[in-house]
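Coordinates as given in my_file.csv (CSV, C-alpha atoms and all ligand atoms):
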```csv
chain,number,residue,atom,x,y,z
A,112,MET,CA,46.2,18.3,-30.0
A,113,SER,CA,46.9,21.9,-31.1
A,114,GLY,CA,44.6,23.8,-33.4
A,115,PHE,CA,41.3,25.5,-33.3
A,116,LEU,CA,38.5,23.6,-31.5
A,117,GLY,CA,34.8,23.3,-32.4
A,118,ARG,CA,32.0,21.5,-30.7
A,119,GLY,CA,28.5,20.3,-31.8
A,120,ARG,CA,25.9,18.8,-29.5
A,121,GLY,CA,23.7,15.9,-30.2
A,122,LYS,CA,20.0,16.5,-29.7
A,123,VAL,CA,16.7,14.9,-28.8
A,124,ILE,CA,13.5,16.2,-30.3
A,125,LEU,CA,11.0,16.3,-27.4
A,126,LEU,CA,8.1,17.0,-29.8
A,127,GLY,CA,7.6,18.1,-33.4
A,128,GLU,CA,9.8,16.0,-35.7
A,129,HIS,CA,8.7,16.0,-39.3
A,130,SER,CA,5.9,18.5,-38.8
A,131,VAL,CA,8.7,21.0,-38.3
A,132,VAL,CA,9.8,20.4,-41.9
A,133,TYR,CA,6.3,21.8,-42.9
A,134,GLY,CA,6.6,25.0,-40.9
A,135,ARG,CA,5.2,23.8,-37.5
A,136,PRO,CA,7.1,24.3,-34.3
A,137,ALA,CA,9.3,21.7,-32.6
A,138,LEU,CA,10.8,21.4,-29.1
A,139,ALA,CA,14.3,20.0,-28.9
A,140,ALA,CA,17.0,19.6,-26.2
A,141,GLY,CA,20.8,19.7,-26.8
A,142,LEU,CA,22.8,16.9,-25.3
A,143,GLU,CA,26.1,17.2,-23.6
A,144,ARG,CA,27.5,14.4,-25.8
A,145,GLY,CA,28.3,15.3,-29.3
A,146,VAL,CA,31.2,15.9,-31.6
A,147,ARG,CA,34.6,17.7,-31.2
A,148,ALA,CA,36.6,19.0,-34.1
A,149,THR,CA,40.1,20.4,-34.4
A,150,ALA,CA,41.3,22.5,-37.3
A,151,SER,CA,45.0,22.8,-38.0
A,152,SER,CA,47.2,23.8,-40.8
A,153,ALA,CA,48.0,21.2,-43.5
A,154,GLU,CA,49.2,20.7,-47.0
A,155,GLU,CA,45.8,19.8,-48.3
A,156,ASP,CA,42.2,20.1,-47.1
A,157,ALA,CA,41.1,16.9,-45.4
A,158,MET,CA,38.8,15.6,-42.6
A,159,ALA,CA,39.5,12.5,-40.5
A,160,LEU,CA,36.8,11.1,-38.3
A,161,THR,CA,37.3,8.8,-35.3
A,162,PRO,CA,36.2,6.2,-34.3
A,163,TRP,CA,34.9,5.6,-37.8
A,164,ASP,CA,38.4,5.4,-39.4
A,165,VAL,CA,37.3,7.5,-42.3
A,166,ARG,CA,39.3,10.2,-44.1
A,167,VAL,CA,37.8,12.4,-46.8
A,168,THR,CA,38.9,15.3,-49.0
A,169,PRO,CA,36.4,17.9,-50.2
A,170,ALA,CA,34.6,16.9,-53.4
A,171,GLN,CA,31.5,18.1,-55.2
A,172,ASP,CA,30.6,14.8,-56.6
A,173,ASP,CA,31.8,12.3,-54.0
A,174,ALA,CA,30.3,10.6,-51.0
A,175,PRO,CA,28.2,12.8,-48.7
A,176,LEU,CA,31.0,13.6,-46.2
A,177,GLY,CA,33.3,14.9,-48.9
A,178,ARG,CA,30.5,17.0,-50.3
A,179,ALA,CA,29.6,18.3,-46.9
A,180,LEU,CA,33.3,19.3,-46.3
A,181,PHE,CA,33.2,21.0,-49.6
A,182,ALA,CA,30.1,22.9,-48.6
A,183,ALA,CA,31.7,23.9,-45.2
A,184,LEU,CA,34.9,25.1,-46.8
A,185,SER,CA,32.9,27.1,-49.3
A,186,LEU,CA,31.8,29.4,-46.5
A,187,TYR,CA,35.4,30.8,-46.3
A,188,ALA,CA,35.8,32.6,-49.6
A,189,GLU,CA,39.1,34.3,-48.7
A,190,ARG,CA,40.8,31.6,-46.7
A,191,GLY,CA,44.0,31.1,-48.6
A,192,ALA,CA,45.5,28.1,-46.8
A,193,PRO,CA,44.2,24.5,-46.4
A,194,ALA,CA,42.9,23.0,-43.2
A,195,ALA,CA,43.2,19.5,-41.7
A,196,LEU,CA,40.2,18.6,-39.5
A,197,ASP,CA,40.3,15.9,-36.9
A,198,VAL,CA,36.8,15.0,-35.8
A,199,GLU,CA,35.9,12.9,-32.7
A,200,VAL,CA,32.3,11.6,-33.1
A,201,GLY,CA,30.7,10.8,-29.8
A,202,LEU,CA,27.3,9.9,-31.2
A,203,PRO,CA,25.9,7.0,-33.1
A,204,GLY,CA,25.0,7.8,-36.8
A,205,GLY,CA,21.5,7.1,-38.1
A,206,ALA,CA,20.1,7.2,-34.6
A,207,GLY,CA,18.0,10.3,-34.6
A,208,LEU,CA,20.4,12.1,-32.3
A,209,GLY,CA,21.6,14.7,-34.8
A,210,CYS,CA,25.0,13.2,-35.5
A,211,SER,CA,25.5,14.7,-39.0
A,212,ALA,CA,24.4,18.2,-37.7
A,213,ALA,CA,26.7,18.0,-34.7
A,214,ILE,CA,29.7,17.2,-37.0
A,215,GLY,CA,28.8,20.1,-39.2
A,216,VAL,CA,28.6,22.6,-36.4
A,217,ALA,CA,31.8,21.3,-34.8
A,218,VAL,CA,33.7,21.5,-38.1
A,219,ILE,CA,32.4,25.0,-38.8
A,220,GLU,CA,33.3,26.3,-35.4
A,221,ALA,CA,36.8,24.9,-35.8
A,222,LEU,CA,37.1,26.5,-39.2
A,223,ASP,CA,35.8,29.8,-37.9
A,224,GLY,CA,38.7,29.7,-35.4
A,225,ARG,CA,41.3,28.8,-38.0
A,226,TYR,CA,40.2,31.5,-40.5
A,227,GLY,CA,39.4,34.2,-37.9
A,228,VAL,CA,35.6,34.4,-38.6
A,229,ALA,CA,33.4,35.6,-35.7
A,230,ARG,CA,29.9,34.1,-35.4
A,231,THR,CA,27.4,33.7,-32.6
A,232,ALA,CA,26.3,30.2,-31.8
A,233,SER,CA,22.9,30.7,-33.5
A,234,GLU,CA,24.6,32.2,-36.6
A,235,ARG,CA,26.8,29.1,-36.7
A,236,GLY,CA,23.7,26.9,-36.5
A,237,ALA,CA,22.1,28.7,-39.4
A,238,VAL,CA,25.2,28.5,-41.7
A,239,SER,CA,25.5,24.8,-40.9
A,240,LEU,CA,22.3,24.2,-42.9
A,241,ALA,CA,24.6,24.1,-46.0
A,242,TRP,CA,26.3,21.1,-44.5
A,243,GLU,CA,23.1,19.4,-43.4
A,244,LYS,CA,21.5,19.8,-46.8
A,245,VAL,CA,24.1,17.4,-48.2
A,246,PHE,CA,22.6,14.6,-46.0
A,247,HIS,CA,19.0,15.2,-46.6
A,248,GLY,CA,17.5,17.4,-49.2
A,249,SER,CA,15.1,19.5,-47.1
A,250,PRO,CA,16.3,19.8,-43.5
A,251,SER,CA,14.2,22.1,-41.3
A,252,GLY,CA,17.3,23.4,-39.6
A,253,VAL,CA,16.3,22.2,-36.1
A,254,ASP,CA,19.2,19.7,-35.8
A,255,ASN,CA,22.0,22.2,-36.7
A,256,ALA,CA,20.4,24.9,-34.6
A,257,VAL,CA,20.3,22.8,-31.5
A,258,ALA,CA,23.8,21.4,-32.2
A,259,ALA,CA,25.1,24.9,-32.0
A,260,VAL,CA,23.0,26.5,-29.3
A,261,GLY,CA,22.1,23.7,-26.8
A,262,GLY,CA,19.6,24.0,-24.0
A,263,VAL,CA,15.9,23.4,-24.6
A,264,VAL,CA,14.6,25.4,-27.6
A,265,ARG,CA,11.5,26.0,-29.6
A,266,PHE,CA,12.4,26.0,-33.3
A,267,VAL,CA,10.4,27.2,-36.3
A,268,ARG,CA,11.8,26.8,-39.8
A,269,GLY,CA,12.9,30.1,-41.2
A,270,GLU,CA,12.7,31.8,-37.7
A,271,GLY,CA,15.3,29.8,-35.8
A,272,VAL,CA,15.5,29.1,-32.1
A,273,THR,CA,13.9,30.6,-29.0
A,274,PRO,CA,15.2,29.3,-25.6
A,275,VAL,CA,12.4,27.7,-23.6
A,276,ALA,CA,12.2,28.5,-19.9
A,277,PHE,CA,11.5,25.4,-17.9
A,278,GLY,CA,10.6,24.9,-14.3
A,279,ARG,CA,12.2,21.6,-13.4
A,280,PRO,CA,15.2,19.6,-14.8
A,281,LEU,CA,14.1,16.9,-17.3
A,282,PRO,CA,15.4,13.4,-16.7
A,283,LEU,CA,15.4,11.7,-20.1
A,284,VAL,CA,16.2,8.2,-21.0
A,285,VAL,CA,17.3,7.5,-24.6
A,286,ALA,CA,17.2,3.9,-26.1
A,287,HIS,CA,18.3,2.7,-29.5
A,288,SER,CA,16.0,0.3,-31.4
A,289,GLY,CA,19.0,-1.4,-32.9
A,290,THR,CA,18.3,-0.4,-36.5
A,291,ALA,CA,19.9,2.6,-38.1
A,292,SER,CA,17.7,4.8,-40.2
A,293,SER,CA,18.3,7.4,-42.9
A,294,THR,CA,16.7,10.7,-42.2
A,295,LYS,CA,16.6,11.4,-46.0
A,296,VAL,CA,14.7,8.2,-46.7
A,297,VAL,CA,12.2,8.8,-43.8
A,298,VAL,CA,11.7,12.5,-44.7
A,299,ASP,CA,11.2,11.5,-48.4
A,300,GLY,CA,8.6,8.9,-47.3
A,301,VAL,CA,6.6,11.6,-45.4
A,302,ARG,CA,6.8,13.8,-48.4
A,303,ASP,CA,5.3,11.0,-50.6
A,304,ARG,CA,2.5,10.5,-48.2
A,305,TRP,CA,1.9,14.2,-47.9
A,306,THR,CA,1.7,14.4,-51.7
A,307,ALA,CA,-0.7,11.5,-51.8
A,308,ASP,CA,-3.0,12.7,-49.1
A,309,ARG,CA,-2.3,16.3,-48.1
A,310,PRO,CA,-5.4,16.9,-46.0
A,311,LYS,CA,-4.6,13.9,-43.8
A,312,MET,CA,-1.0,14.8,-43.3
A,313,GLU,CA,-1.8,18.5,-42.7
A,314,ARG,CA,-4.3,17.5,-40.0
A,315,ILE,CA,-1.5,15.4,-38.3
A,316,PHE,CA,1.0,18.3,-38.6
A,317,ASP,CA,-1.6,20.7,-37.1
A,318,ALA,CA,-2.4,18.3,-34.2
A,319,ILE,CA,1.4,18.1,-33.4
A,320,ALA,CA,1.7,21.9,-33.5
A,321,GLY,CA,-1.0,22.1,-30.8
A,322,LEU,CA,0.8,19.5,-28.8
A,323,VAL,CA,4.1,21.4,-29.0
A,324,ASP,CA,2.3,24.6,-27.7
A,325,ALA,CA,0.8,22.6,-24.8
A,326,ALA,CA,4.1,21.0,-24.0
A,327,GLU,CA,5.9,24.3,-23.9
A,328,LYS,CA,3.3,25.6,-21.4
A,329,ALA,CA,3.8,22.4,-19.3
A,330,LEU,CA,7.6,22.9,-19.4
A,331,ALA,CA,7.3,26.5,-18.2
A,332,ALA,CA,5.0,25.3,-15.4
A,333,GLY,CA,7.4,22.5,-14.5
A,334,ASP,CA,4.5,20.1,-15.0
A,335,LEU,CA,6.3,17.0,-16.2
A,336,GLU,CA,3.2,14.8,-16.1
A,337,ALA,CA,1.5,17.1,-18.7
A,338,LEU,CA,4.7,17.2,-20.8
A,339,GLY,CA,4.9,13.4,-20.8
A,340,ALA,CA,1.2,13.1,-21.8
A,341,ARG,CA,1.8,15.4,-24.8
A,342,MET,CA,4.9,13.3,-25.8
A,343,ASN,CA,2.6,10.2,-25.7
A,344,ASP,CA,0.1,12.0,-27.9
A,345,ASN,CA,2.9,13.0,-30.3
A,346,GLN,CA,3.9,9.3,-30.6
A,347,ARG,CA,0.4,8.5,-31.7
A,348,GLU,CA,0.5,11.1,-34.4
A,349,LEU,CA,4.0,9.9,-35.5
A,350,GLU,CA,2.5,6.4,-35.8
A,351,ALA,CA,-0.4,7.8,-37.9
A,352,MET,CA,2.3,9.6,-40.0
A,353,GLY,CA,3.9,6.2,-40.8
A,354,VAL,CA,7.4,6.9,-39.3
A,355,SER,CA,7.3,4.6,-36.3
A,356,THR,CA,8.4,0.9,-36.2
A,357,PRO,CA,7.4,-2.1,-34.2
A,358,ALA,CA,10.9,-2.0,-32.4
A,359,LEU,CA,10.4,1.6,-31.4
A,360,GLU,CA,6.9,0.9,-30.2
A,361,ALA,CA,8.1,-2.0,-28.1
A,362,LEU,CA,10.6,0.3,-26.4
A,363,VAL,CA,8.0,3.0,-25.9
A,364,GLY,CA,5.7,0.4,-24.3
A,365,ASP,CA,8.5,-0.9,-22.1
A,366,ALA,CA,9.3,2.7,-20.9
A,367,ARG,CA,5.7,3.4,-20.1
A,368,GLU,CA,5.3,0.1,-18.2
A,369,ALA,CA,8.4,1.0,-16.3
A,370,GLY,CA,6.9,4.3,-15.2
A,371,ALA,CA,7.8,6.8,-17.9
A,372,LEU,CA,5.6,9.9,-17.8
A,373,GLY,CA,5.9,9.9,-21.6
A,374,ALA,CA,7.7,8.1,-24.4
A,375,LYS,CA,8.1,8.5,-28.1
A,376,LEU,CA,10.5,8.0,-31.0
A,377,THR,CA,12.9,10.9,-31.4
A,378,GLY,CA,14.4,12.2,-34.7
A,379,ALA,CA,13.3,10.9,-38.0
A,380,GLY,CA,12.1,7.5,-36.9
A,381,GLY,CA,12.1,4.4,-39.2
A,382,GLY,CA,14.6,3.0,-36.7
A,383,GLY,CA,17.0,4.9,-34.4
A,384,CYS,CA,16.2,6.1,-30.9
A,385,MET,CA,13.2,6.7,-28.6
A,386,VAL,CA,13.2,9.1,-25.7
A,387,ALA,CA,11.3,8.6,-22.4
A,388,LEU,CA,10.6,11.3,-19.8
A,389,ALA,CA,11.1,10.2,-16.1
A,390,ALA,CA,9.7,11.9,-13.0
A,391,ASP,CA,13.2,11.9,-11.3
A,392,ALA,CA,16.6,10.3,-11.3
A,393,ALA,CA,15.4,7.1,-9.5
A,394,ALA,CA,12.6,6.6,-12.0
A,395,ALA,CA,15.0,7.2,-14.9
A,396,ALA,CA,17.3,4.5,-13.5
A,397,ARG,CA,14.4,2.0,-13.4
A,398,ILE,CA,13.3,2.9,-16.9
A,399,GLU,CA,16.8,2.6,-18.3
A,400,ALA,CA,17.3,-0.8,-16.6
A,401,ARG,CA,14.1,-2.0,-18.3
A,402,LEU,CA,14.9,-0.6,-21.7
A,403,SER,CA,18.4,-2.0,-21.6
A,404,THR,CA,17.0,-5.5,-21.8
A,405,ARG,CA,15.7,-4.8,-25.4
A,406,ALA,CA,17.7,-1.8,-26.7
A,407,SER,CA,21.0,-1.9,-28.4
A,408,MET,CA,22.2,1.2,-26.5
A,409,THR,CA,20.7,3.3,-23.7
A,410,PHE,CA,21.7,6.4,-21.8
A,411,THR,CA,20.2,8.8,-19.3
A,412,THR,CA,20.6,12.5,-19.5
A,413,THR,CA,19.3,15.3,-17.3
A,414,VAL,CA,18.5,18.5,-19.2
A,415,GLY,CA,19.3,20.9,-16.4
A,416,GLY,CA,17.4,23.8,-14.8
A,417,SER,CA,18.6,26.5,-17.0
A,418,ALA,CA,17.9,27.0,-20.7
A,419,ASP,CA,21.5,26.6,-21.8
A,420,ARG,CA,22.8,23.4,-20.2
A,421,SER,CA,22.4,19.7,-20.4
A,422,ASP,CA,24.5,16.9,-18.8
A,423,ASP,CA,24.7,13.3,-19.9
A,424,ALA,CA,25.2,10.6,-17.3
A,425,GLY,CA,27.0,8.9,-20.1
A,426,ASP,CA,25.8,5.4,-19.3
A,427,ASP,CA,26.0,3.7,-22.7
A,428,ARG,CA,25.4,0.0,-23.0
B,1,LIG,C1,15.4,15.0,-37.8
B,1,LIG,O1,16.2,15.0,-36.6
B,1,LIG,C2,14.2,15.9,-37.7
B,1,LIG,C3,13.3,15.8,-38.9
B,1,LIG,O2,12.1,16.7,-38.5
B,1,LIG,C4,13.9,16.4,-40.1
B,1,LIG,C5,14.2,17.9,-40.0
B,1,LIG,O3,13.6,18.6,-39.2
B,1,LIG,O4,15.0,18.3,-40.9
B,1,LIG,C6,12.7,14.5,-39.2
```

Let me see the file written as structure tokens.
Amino acid sequence: MSGFLGRGRGKVILLGEHSVVYGRPALAAGLERGVRATASSAEEDAMALTPWDVRVTPAQDDAPLGRALFAALSLYAERGAPAALDVEVGLPGGAGLGCSAAIGVAVIEALDGRYGVARTASERGAVSLAWEKVFHGSPSGVDNAVAAVGGVVRFVRGEGVTPVAFGRPLPLVVAHSGTASSTKVVVDGVRDRWTADRPKMERIFDAIAGLVDAAEKALAAGDLEALGARMNDNQRELEAMGVSTPALEALVGDAREAGALGAKLTGAGGGGCMVALAADAAAAARIEARLSTRASMTFTTTVGGSADRSDDAGDDR
């Protein structure tokens, strides 16, 4: 297909979801799988998404995808001519894998090409916040930053991403609990609980911030056992925060029984996916085999030995 290409990665949050909305750090890894967009010339602005069989035009008061497209096109004040966007979505929506942010980043990269705008990947991640805000009111920005930049990063709201050096590749197994979740609904629920009992929620956010710092040191040292232990600790805090579900906890328990060094929900929770850290590729295969008996979808990905690369094995079930 001719036109200008854009790409956005999916992501897993290794530690720090939700507390990142409240200014604490998070660690996240970009996935090889994600979204591709092509922008070409057209009679009218429109966006078609496959395999969803959805086509939208930009609208300020329409369904979220139309509003998001409107927000993206508003970044190009002088553009003159319309654009047709063809978007191939290679991630499940509502799964905690950053699907909406990956679409936004891919669309904006394609539009940058079409309208001759030069941006670095991290600038693209930052401007994509306008897109992500359509889907949930107060995104921290971690999803769109990782969708644009990839690798393993530390993210702090308002400060952006710092690549994290890590000593060994990370074999990760992702499994879907079978229920889609809305990031907006889960983030709003955390906000309600924070309003009702601020000291409790702030204690949880501070505890997670300490875990993120410890996990970053473990990553740098290549100490996967210590990293896995901090992921397990993070899962306990997420349960105390009220964002886990019995289905996610069953998968977390299965992964640990099958030898995972650590396992936790990833993304907003309330459904969607969990992520397990394996010691090596053989352990990852055993964990994935176990998870696939209960999960609606699984895949294994190795986040590689440099800070800007991740490769999916692409083993969906
Ligand atoms: C969603 O992938 C991560 C959350 O922390 C929300 C956000 O950071 O915007 C739950």

Between A:Glu327, A:Glu155, A:Asp317, A:Glu336, which is the closest to Leu388 of chain A once you count all atoms listed in the file?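 Looking only at the distances to Leu388 of chain A, the closest residue turns out to be A:Glu336.
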
Which protein, DNA or RNA residues have an atom within 7 Å of ligand LIG 1 (chain B), counting all atoms listed in the file, as an MDAnalysis selection string? chainID A and resid 124 127:132 207:209 249:254 294 298 378:379

Could the residues of segment 242-360 of chain A that have an atom at most 10 Å from segment 175-178 of chain A be listed as a Markdown table, each with its closest atom pair and the distance in Å to one decimal, counting all atoms listed in the file and ordered by chain and ascending residue number?
```
| residue | atom | partner | partner_atom | distance |
| --- | --- | --- | --- | --- |
| A:Trp242 | CA | A:Arg178 | CA | 8.3 |
| A:Glu243 | CA | A:Pro175 | CA | 9.9 |
| A:Lys244 | CA | A:Pro175 | CA | 9.9 |
| A:Val245 | CA | A:Pro175 | CA | 6.2 |
| A:Phe246 | CA | A:Pro175 | CA | 6.5 |
| A:His247 | CA | A:Pro175 | CA | 9.7 |
```

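Residues lying within 12 Å of Ala318 of chain A, counting all atoms listed in the file and ignoring same-chain neighbours fewer than 3 positions away, are Leu126, Gly127, Ser130, Arg135, Pro136, Lys311, Met312, Glu313, Arg314, Ile315, Gly321, Leu322, Val323, Asp324, Ala325, Arg341, Asp344, Asn345, Gln346, Arg347, Glu348, Leu349, Ala351 and Met352 of chain A.
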
For Arg401 of chain A, work out the shell of residues within 9 Å, counting all atoms listed in the file and skipping chain neighbours fewer than 4 positions away, then give it as a PyMOL selection string. chain A and resi 365-366+369+396-397+405

Let's have the selection written as a PDB file, in the coordinates of the input, with C-alpha atoms.
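Full text of selection28.pdb as output:
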```pdb
ATOM      1  CA  ASP A 365       8.500  -0.900 -22.100  1.00  0.00           C
ATOM      2  CA  ALA A 366       9.300   2.700 -20.900  1.00  0.00           C
ATOM      3  CA  ALA A 369       8.400   1.000 -16.300  1.00  0.00           C
ATOM      4  CA  ALA A 396      17.300   4.500 -13.500  1.00  0.00           C
ATOM      5  CA  ARG A 397      14.400   2.000 -13.400  1.00  0.00           C
ATOM      6  CA  ARG A 405      15.700  -4.800 -25.400  1.00  0.00           C
TER       7      ARG A 405
END
```

Looking at all atoms listed in the file, which of A:Leu283, A:Lys295, A:Glu270, A:Arg230 is the one that sits closest to Gly248 of chain A?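 Ranked by minimum distance to Gly248 of chain A, first place goes to A:Lys295.
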
Min atom-atom distance to Gly373 of chain A from the set A:Pro280, A:Leu125, A:Ala256, A:Ala221, counting all atoms listed in the file, belongs to A:Leu125

Will you model N, CA and C atoms for segment 187-217 of chain A and pass it back as an mmCIF file, in the frame of the given file?
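That gives us part_19.cif:
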```cif
data_model
loop_
_atom_site.group_PDB
_atom_site.id
_atom_site.type_symbol
_atom_site.label_atom_id
_atom_site.label_comp_id
_atom_site.auth_asym_id
_atom_site.auth_seq_id
_atom_site.Cartn_x
_atom_site.Cartn_y
_atom_site.Cartn_z
ATOM 1 N N TYR A 187 34.184 29.949 -46.589
ATOM 2 C CA TYR A 187 35.400 30.800 -46.300
ATOM 3 C C TYR A 187 35.989 31.192 -47.645
ATOM 4 N N ALA A 188 35.398 32.187 -48.275
ATOM 5 C CA ALA A 188 35.800 32.600 -49.600
ATOM 6 C C ALA A 188 37.283 32.982 -49.690
ATOM 7 N N GLU A 189 37.760 33.684 -48.666
ATOM 8 C CA GLU A 189 39.100 34.300 -48.700
ATOM 9 C C GLU A 189 40.150 33.505 -47.985
ATOM 10 N N ARG A 190 39.947 32.220 -47.758
ATOM 11 C CA ARG A 190 40.800 31.600 -46.700
ATOM 12 C C ARG A 190 42.222 31.348 -47.079
ATOM 13 N N GLY A 191 42.582 31.197 -48.314
ATOM 14 C CA GLY A 191 44.000 31.100 -48.600
ATOM 15 C C GLY A 191 44.642 29.732 -48.361
ATOM 16 N N ALA A 192 44.774 29.334 -47.097
ATOM 17 C CA ALA A 192 45.500 28.100 -46.800
ATOM 18 C C ALA A 192 44.600 26.958 -46.416
ATOM 19 N N PRO A 193 45.065 25.716 -46.701
ATOM 20 C CA PRO A 193 44.200 24.500 -46.400
ATOM 21 C C PRO A 193 44.068 24.278 -44.903
ATOM 22 N N ALA A 194 43.151 23.385 -44.577
ATOM 23 C CA ALA A 194 42.900 23.000 -43.200
ATOM 24 C C ALA A 194 42.791 21.496 -43.067
ATOM 25 N N ALA A 195 43.388 20.948 -42.004
ATOM 26 C CA ALA A 195 43.200 19.500 -41.700
ATOM 27 C C ALA A 195 42.211 19.491 -40.483
ATOM 28 N N LEU A 196 41.163 18.714 -40.602
ATOM 29 C CA LEU A 196 40.200 18.600 -39.500
ATOM 30 C C LEU A 196 40.238 17.214 -38.912
ATOM 31 N N ASP A 197 40.395 17.182 -37.588
ATOM 32 C CA ASP A 197 40.300 15.900 -36.900
ATOM 33 C C ASP A 197 39.020 15.949 -36.061
ATOM 34 N N VAL A 198 38.167 14.964 -36.315
ATOM 35 C CA VAL A 198 36.800 15.000 -35.800
ATOM 36 C C VAL A 198 36.594 13.762 -34.900
ATOM 37 N N GLU A 199 36.231 14.006 -33.637
ATOM 38 C CA GLU A 199 35.900 12.900 -32.700
ATOM 39 C C GLU A 199 34.381 12.828 -32.614
ATOM 40 N N VAL A 200 33.802 11.724 -33.100
ATOM 41 C CA VAL A 200 32.300 11.600 -33.100
ATOM 42 C C VAL A 200 31.882 10.803 -31.922
ATOM 43 N N GLY A 201 31.162 11.459 -31.037
ATOM 44 C CA GLY A 201 30.700 10.800 -29.800
ATOM 45 C C GLY A 201 29.242 10.443 -29.822
ATOM 46 N N LEU A 202 28.687 10.260 -31.030
ATOM 47 C CA LEU A 202 27.300 9.900 -31.200
ATOM 48 C C LEU A 202 27.137 8.809 -32.199
ATOM 49 N N PRO A 203 26.143 7.935 -32.071
ATOM 50 C CA PRO A 203 25.900 7.000 -33.100
ATOM 51 C C PRO A 203 25.281 7.680 -34.350
ATOM 52 N N GLY A 204 25.668 7.286 -35.555
ATOM 53 C CA GLY A 204 25.000 7.800 -36.800
ATOM 54 C C GLY A 204 23.719 7.124 -37.028
ATOM 55 N N GLY A 205 22.816 7.767 -37.747
ATOM 56 C CA GLY A 205 21.500 7.100 -38.100
ATOM 57 C C GLY A 205 20.682 6.762 -36.954
ATOM 58 N N ALA A 206 20.807 7.514 -35.834
ATOM 59 C CA ALA A 206 20.100 7.200 -34.600
ATOM 60 C C ALA A 206 19.044 8.176 -34.217
ATOM 61 N N GLY A 207 18.933 9.267 -34.972
ATOM 62 C CA GLY A 207 18.000 10.300 -34.600
ATOM 63 C C GLY A 207 18.519 11.281 -33.585
ATOM 64 N N LEU A 208 19.830 11.219 -33.291
ATOM 65 C CA LEU A 208 20.400 12.100 -32.300
ATOM 66 C C LEU A 208 21.192 13.255 -32.859
ATOM 67 N N GLY A 209 21.012 13.480 -34.154
ATOM 68 C CA GLY A 209 21.600 14.700 -34.800
ATOM 69 C C GLY A 209 23.079 14.587 -35.009
ATOM 70 N N CYS A 210 23.576 13.389 -35.339
ATOM 71 C CA CYS A 210 25.000 13.200 -35.500
ATOM 72 C C CYS A 210 25.580 14.048 -36.646
ATOM 73 N N SER A 211 24.948 14.015 -37.808
ATOM 74 C CA SER A 211 25.500 14.700 -39.000
ATOM 75 C C SER A 211 25.546 16.241 -38.667
ATOM 76 N N ALA A 212 24.483 16.766 -38.045
ATOM 77 C CA ALA A 212 24.400 18.200 -37.700
ATOM 78 C C ALA A 212 25.511 18.568 -36.717
ATOM 79 N N ALA A 213 25.718 17.694 -35.729
ATOM 80 C CA ALA A 213 26.700 18.000 -34.700
ATOM 81 C C ALA A 213 28.119 18.009 -35.327
ATOM 82 N N ILE A 214 28.385 17.120 -36.286
ATOM 83 C CA ILE A 214 29.700 17.200 -37.000
ATOM 84 C C ILE A 214 29.834 18.480 -37.724
ATOM 85 N N GLY A 215 28.782 18.856 -38.443
ATOM 86 C CA GLY A 215 28.800 20.100 -39.200
ATOM 87 C C GLY A 215 29.105 21.303 -38.370
ATOM 88 N N VAL A 216 28.411 21.406 -37.247
ATOM 89 C CA VAL A 216 28.600 22.600 -36.400
ATOM 90 C C VAL A 216 29.984 22.582 -35.758
ATOM 91 N N ALA A 217 30.475 21.410 -35.353
ATOM 92 C CA ALA A 217 31.800 21.300 -34.800
ATOM 93 C C ALA A 217 32.872 21.731 -35.806
#
```
